[in-house]
Amino acid sequence: MTPEDRQVLTALFEAAVAAADPEHALAAHLPDRPKGRTVVIGAGKGAAQLAAAFERLWEGPVEGVVVTRYGYACPTRKIRVLEAAHPVPDAAGLAASNALFAAVRGLGPDDLVVALVCGGGSALLPCPPGNLTLEDEAALNRALLASGAPISVMNAIRKQVSGIKGGRLAAACHPARVVSLVVSDVPGDDPAQVASGPTVPDAVSRTQARAMVQSWRIDLPPSVSAWLAADQGLAPDPRDPVFAGHEVRVIASARLSLEAAASTAALHGLPAVILSDAIEGEARDVGRVHAAIAREVAARNRPFARPVVILSGGETTVTLRAKGRGGRNSEFLLATALAAEGVPFAALAADTDGIDGSEDNAGAFATGDSAARLRALGQDPAALLAGNDAFSAFQALGDLFTPGPTGTNVNDFRAILIR
C-alpha cells in the first residue's frame, strides 16, 4: 500500500468519526429545560464523551451517572463516569446498573431525565433478573457472541434476560419526562436496538425471542433457557402509559458518517459510492462479496468506474470456530484480501469506536498482495482466517490500524480504494 493510499483511507475514517462527534451531534438535539431537576444517565463506549459534551452545552444544573468501557472515561464536572467490562459483563457493570437506577429514583413530573445511549451498552449494563446471576448473564453474552447471530437477534434475546434493558430503565424514571439521545451503531438505526434499549421499549415478544434462539441454534446456559421458557419478567410493552411523553432522537449514525467520508473522498479527487450503511452477515462472507465487487470494478470498470472509493457500514458478525485473535473488521479484511488476491485495491476496515473485538486495534489495512506477503512470511492466510486469527495476520504484516478510543461509536467503517 502506498503512503498516499494509507493517508487517504485514514482521512476518510477520521471524517466518519468527526461526523459523529459528541458535541456536534448533541448541539441540535438538546431538550427544553425542566422546572425541576435534570438527571443524565447513559451507557456505551462513547457515553463519557457524550456526558462531557452535554455538560459543556447545558445551561443549568445537571447531575447523573453514565457507564463506559474500561479505558474510555474522560473528565466530567457533575456527571459521574463509571467503567465496566466489555464485551463480557462483570461486577462493575452490575454496580453501574444499580447506580443508574439509584440516579432516577424518586423523580417527579417536573423533572427531566436525559439518556445518552450508544453502542456497547448491552454488555456494560448487566442486570440479571429473577434468580439468575451475573455469571449467567456473562455466559449468555459469550454464547450470543459466538453464535454468529445478527445484533438485532442478540439484543432481542438480551432484553428478555435483563432487569434494565428493553425500556425497563425508562420505566423506572416515571413520572419524570425522559428524552433519549441515541448514537446509533445498529443497521437501520432502530433506537430500541442500540445498547439493547435501556430507555426505549421494543415490541419483540418472549415467544419471538425463543424462536430466535432455536433458529440460530444458540447454545444457551441451562439457567437462561429455563428463564426464557417461562413467562415471567417480560420486557415492557411500548404501549404502556408509563412511556407516554417520552422522546427518542437518533443524533448520529453510520449513514451520516459514510456521507461525510464520501465528501472527504471528493476533496481528494476520488468519486465515492456508498453500498449501504446497514450491511449484516458473517464477516468473511461480507468480505468475499466486497472482494467480488472490487474485482469487477478493476477488471471491467463496472458497476462503478475507476477511480472509486467503495464505502459501506453496518455490523457484521463472527461465528467463532477457533480461539484466534481478531475482530469482525479484521476478519472481513482478511477474507477480502484472500478473495481479491492480485486485484489492485487498497482497503481499510475499522470499528468507529477505535476497538475491533478485544484487542487494541480498530481494524486494519489490506491490499491485493496482503495474502502473498503473508505467505512470504511463512504464514498461511487461509488457515489464519479459518482459525479466526485475522489480528495475527495483520500484526505480522504491520498493517494494524490503531487510532485508540474515538469517543463515539456508529459501527463499522469500510473503504475500498481502486485507482
# chains A, B, ... in the order shown; residues from 1 in each chain; ligands from 1
>>> residues_around(residues="A:Ala346", least_positions_apart="5", cutoff="9 Å", atoms="only C-alpha atoms", output="ChimeraX atom specification")
/A:1-2,5-6,9,365-368,415-419
>>> select_by_dssp(residues="stretch 109-226 of chain A", states="helix (DSSP H, G or I)", output="JSON, numbers by chain")
{"A": [121, 122, 123, 124, 134, 135, 136, 137, 138, 139, 140, 141, 142, 143, 144, 145, 146, 147, 151, 152, 153, 154, 155, 156, 157, 158, 159, 168, 169, 170, 171, 172, 194, 195, 196, 206, 207, 208, 209, 210, 211, 212, 213, 214, 215, 222, 223, 224, 225, 226]}
>>> write_last_selection(atoms="C-alpha atoms", output="CSV table (one decimal), in the first residue's frame")
chain,number,residue,atom,x,y,z
A,121,GLY,CA,-24.2,-0.5,26.4
A,122,SER,CA,-25.6,-4.0,26.3
A,123,ALA,CA,-22.5,-5.6,27.9
A,124,LEU,CA,-21.9,-2.6,30.2
A,134,LEU,CA,-24.0,-12.3,36.9
A,135,GLU,CA,-22.2,-15.4,35.6
A,136,ASP,CA,-25.5,-16.5,33.9
A,137,GLU,CA,-25.6,-13.2,32.1
A,138,ALA,CA,-21.9,-13.3,31.2
A,139,ALA,CA,-22.4,-16.9,29.9
A,140,LEU,CA,-25.4,-15.7,27.8
A,141,ASN,CA,-23.2,-12.9,26.3
A,142,ARG,CA,-20.5,-15.4,25.4
A,143,ALA,CA,-23.0,-17.7,23.8
A,144,LEU,CA,-24.5,-14.8,21.7
A,145,LEU,CA,-21.1,-13.5,20.6
A,146,ALA,CA,-20.1,-17.0,19.5
A,147,SER,CA,-23.3,-17.7,17.6
A,151,ILE,CA,-27.1,-7.8,16.5
A,152,SER,CA,-30.9,-7.5,16.3
A,153,VAL,CA,-31.3,-11.1,17.3
A,154,MET,CA,-28.7,-10.9,20.1
A,155,ASN,CA,-30.4,-7.8,21.5
A,156,ALA,CA,-33.9,-9.3,21.3
A,157,ILE,CA,-32.8,-12.2,23.5
A,158,ARG,CA,-30.8,-9.9,25.9
A,159,LYS,CA,-33.9,-7.8,26.5
A,168,ARG,CA,-37.0,-1.0,31.9
A,169,LEU,CA,-34.7,1.8,32.9
A,170,ALA,CA,-37.0,4.3,31.4
A,171,ALA,CA,-40.0,2.8,33.2
A,172,ALA,CA,-38.1,3.4,36.5
A,194,VAL,CA,-28.9,0.4,20.5
A,195,ALA,CA,-27.4,-0.9,23.8
A,196,SER,CA,-30.5,-3.2,23.9
A,206,ARG,CA,-40.7,-13.5,24.6
A,207,THR,CA,-42.1,-16.0,22.2
A,208,GLN,CA,-40.3,-14.4,19.3
A,209,ALA,CA,-37.0,-14.4,21.3
A,210,ARG,CA,-37.4,-18.1,22.0
A,211,ALA,CA,-37.9,-18.7,18.3
A,212,MET,CA,-34.7,-16.8,17.5
A,213,VAL,CA,-32.7,-19.0,19.9
A,214,GLN,CA,-33.9,-22.1,18.0
A,215,SER,CA,-33.5,-20.6,14.6
A,222,PRO,CA,-29.5,-24.1,31.1
A,223,SER,CA,-30.5,-21.4,33.7
A,224,VAL,CA,-31.1,-18.9,30.9
A,225,SER,CA,-33.0,-21.4,28.8
A,226,ALA,CA,-35.2,-22.1,31.8
>>> atom_distance(atom1="atom CA of A:Glu331", atom2="atom CA of A:Glu315")
12.5 Å
>>> closest_residue(among="A:Thr408, A:Arg37, A:Gly106, A:Arg325", to="A:Ala393", atoms="only C-alpha atoms")
A:Arg325
>>> residues_around(residues="A:Val178", least_positions_apart="4", cutoff="9 Å", atoms="only C-alpha atoms", output="PDB file with N, CA and C atoms, in the first residue's frame")
ATOM      1  N   ASP A 111     -39.418  16.833  36.627  1.00  0.00           N
ATOM      2  CA  ASP A 111     -38.010  16.507  36.413  1.00  0.00           C
ATOM      3  C   ASP A 111     -37.783  15.966  35.002  1.00  0.00           C
ATOM      4  N   LEU A 112     -36.547  16.085  34.535  1.00  0.00           N
ATOM      5  CA  LEU A 112     -36.151  15.626  33.204  1.00  0.00           C
ATOM      6  C   LEU A 112     -35.020  14.619  33.328  1.00  0.00           C
ATOM      7  N   VAL A 113     -35.163  13.500  32.632  1.00  0.00           N
ATOM      8  CA  VAL A 113     -34.082  12.520  32.516  1.00  0.00           C
ATOM      9  C   VAL A 113     -33.592  12.527  31.076  1.00  0.00           C
ATOM     10  N   VAL A 114     -32.295  12.781  30.889  1.00  0.00           N
ATOM     11  CA  VAL A 114     -31.681  12.730  29.565  1.00  0.00           C
ATOM     12  C   VAL A 114     -30.835  11.471  29.510  1.00  0.00           C
ATOM     13  N   ALA A 115     -31.208  10.568  28.618  1.00  0.00           N
ATOM     14  CA  ALA A 115     -30.481   9.304  28.466  1.00  0.00           C
ATOM     15  C   ALA A 115     -29.541   9.400  27.275  1.00  0.00           C
ATOM     16  N   ALA A 170     -36.138   3.221  31.585  1.00  0.00           N
ATOM     17  CA  ALA A 170     -37.039   4.346  31.362  1.00  0.00           C
ATOM     18  C   ALA A 170     -38.282   4.223  32.224  1.00  0.00           C
ATOM     19  N   CYS A 173     -37.960   5.627  35.591  1.00  0.00           N
ATOM     20  CA  CYS A 173     -37.892   7.090  35.693  1.00  0.00           C
ATOM     21  C   CYS A 173     -39.261   7.726  35.940  1.00  0.00           C
ATOM     22  N   HIS A 174     -40.326   6.985  35.706  1.00  0.00           N
ATOM     23  CA  HIS A 174     -41.687   7.525  35.835  1.00  0.00           C
ATOM     24  C   HIS A 174     -41.903   8.129  37.220  1.00  0.00           C
ATOM     25  N   THR A 199     -33.681   2.532  27.627  1.00  0.00           N
ATOM     26  CA  THR A 199     -34.738   3.537  27.785  1.00  0.00           C
ATOM     27  C   THR A 199     -35.709   3.554  26.613  1.00  0.00           C
ATOM     28  N   PHE A 243     -44.649   5.088  29.408  1.00  0.00           N
ATOM     29  CA  PHE A 243     -43.751   5.680  28.416  1.00  0.00           C
ATOM     30  C   PHE A 243     -44.361   6.889  27.702  1.00  0.00           C
ATOM     31  N   GLY A 245     -45.226  10.427  26.526  1.00  0.00           N
ATOM     32  CA  GLY A 245     -44.477  11.679  26.593  1.00  0.00           C
ATOM     33  C   GLY A 245     -42.984  11.537  26.460  1.00  0.00           C
ATOM     34  N   HIS A 246     -42.471  10.294  26.404  1.00  0.00           N
ATOM     35  CA  HIS A 246     -41.034  10.103  26.210  1.00  0.00           C
ATOM     36  C   HIS A 246     -40.649  10.467  24.773  1.00  0.00           C
ATOM     37  N   GLU A 247     -39.434  10.993  24.619  1.00  0.00           N
ATOM     38  CA  GLU A 247     -38.915  11.328  23.291  1.00  0.00           C
ATOM     39  C   GLU A 247     -37.651  10.520  23.017  1.00  0.00           C
ATOM     40  N   VAL A 248     -37.485  10.124  21.756  1.00  0.00           N
ATOM     41  CA  VAL A 248     -36.297   9.391  21.337  1.00  0.00           C
ATOM     42  C   VAL A 248     -35.750  10.045  20.076  1.00  0.00           C
TER      43      VAL A 248
END
>>> closest_atom_pairs(of="stretch 52-79 of chain A", to="stretch 84-94 of chain A", cutoff="8 Å", atoms="only C-alpha atoms", output="CSV")
residue,atom,partner,partner_atom,distance
A:Val67,CA,A:Ala84,CA,7.0
A:Thr68,CA,A:Ala84,CA,6.3
A:Arg69,CA,A:Ala84,CA,5.2
A:Tyr70,CA,A:Ala84,CA,5.5
>>> closest_residue(among="A:Ala176, A:Val183, A:Ala244, A:Ala383", to="A:Arg321", atoms="only C-alpha atoms")
A:Ala383
>>> select_by_dssp(residues="stretch 78-289 of chain A", states="strand (DSSP E or B)", output="VMD selection string")
chain A and resid 79 to 84 112 to 118 177 to 183 247 to 252 272 to 274 279 to 282
>>> write_last_selection(atoms="C-alpha atoms", output="JSON list (two decimals), in the first residue's frame")
[["chain", "number", "residue", "atom", "x", "y", "z"],
["A", 79, "ILE", "CA", -21.93, 13.64, 35.93],
["A", 80, "ARG", "CA", -20.24, 10.58, 37.42],
["A", 81, "VAL", "CA", -18.49, 8.28, 34.96],
["A", 82, "LEU", "CA", -18.27, 4.60, 35.87],
["A", 83, "GLU", "CA", -16.29, 1.96, 33.97],
["A", 84, "ALA", "CA", -17.10, -1.69, 33.39],
["A", 112, "LEU", "CA", -36.15, 15.63, 33.20],
["A", 113, "VAL", "CA", -34.08, 12.52, 32.52],
["A", 114, "VAL", "CA", -31.68, 12.73, 29.57],
["A", 115, "ALA", "CA", -30.48, 9.30, 28.47],
["A", 116, "LEU", "CA", -27.23, 9.28, 26.48],
["A", 117, "VAL", "CA", -27.15, 5.89, 24.79],
["A", 118, "CYS", "CA", -24.61, 4.49, 22.34],
["A", 177, "ARG", "CA", -40.03, 13.11, 31.36],
["A", 178, "VAL", "CA", -37.41, 11.05, 29.51],
["A", 179, "VAL", "CA", -35.52, 12.18, 26.41],
["A", 180, "SER", "CA", -33.23, 9.54, 24.90],
["A", 181, "LEU", "CA", -30.42, 10.87, 22.70],
["A", 182, "VAL", "CA", -29.07, 7.91, 20.78],
["A", 183, "VAL", "CA", -25.88, 7.43, 18.77],
["A", 247, "GLU", "CA", -38.92, 11.33, 23.29],
["A", 248, "VAL", "CA", -36.30, 9.39, 21.34],
["A", 249, "ARG", "CA", -33.87, 11.08, 18.95],
["A", 250, "VAL", "CA", -31.11, 9.45, 16.88],
["A", 251, "ILE", "CA", -28.41, 12.13, 16.88],
["A", 252, "ALA", "CA", -25.63, 10.34, 14.96],
["A", 272, "ALA", "CA", -17.17, 7.59, -3.76],
["A", 273, "VAL", "CA", -20.15, 5.24, -3.67],
["A", 274, "ILE", "CA", -21.98, 4.02, -0.56],
["A", 279, "ILE", "CA", -24.82, -4.48, 5.98],
["A", 280, "GLU", "CA", -25.12, -7.50, 8.26],
["A", 281, "GLY", "CA", -23.95, -11.08, 7.95],
["A", 282, "GLU", "CA", -20.90, -13.24, 8.56]]
>>> closest_residue(among="A:Leu400, A:Ala265, A:Ile310, A:Val40", to="A:Val104", atoms="only C-alpha atoms")
A:Val40
>>> atom_distance(atom1="atom CA of A:Ser205", atom2="atom CA of A:Pro238")
11.2 Å
>>> residues_around(residues="A:Cys127", least_positions_apart="3", cutoff="7 Å", atoms="only C-alpha atoms", output="PyMOL selection string")
chain A and resi 94+97+162-164
>>> residues_around(residues="A:Asp389", least_positions_apart="2", cutoff="7 Å", atoms="only C-alpha atoms", output="list in words")
Gly324, Arg325, Gly326, Leu384, Leu385, Gly387, Phe391, Ser392 and Ala393 of chain A
>>> residues_around(residues="A:Gly166", least_positions_apart="3", cutoff="7 Å", atoms="only C-alpha atoms", output="list in words")
Lys159, Ser196, Gly197, Pro198, Thr199, Val200, Pro201, Asp202, Ala235 and Pro236 of chain A
>>> closest_residue(among="A:Cys74, A:Ala28, A:Ala322, A:Ala362", to="A:Gly407", atoms="only C-alpha atoms")
A:Cys74
>>> atom_distance(atom1="atom CA of A:Gly314", atom2="atom CA of A:Ala192")
16.0 Å
>>> closest_residue(among="A:Gly363, A:Phe101, A:Ile355, A:Glu296", to="A:Lys45", atoms="only C-alpha atoms")
A:Ile355
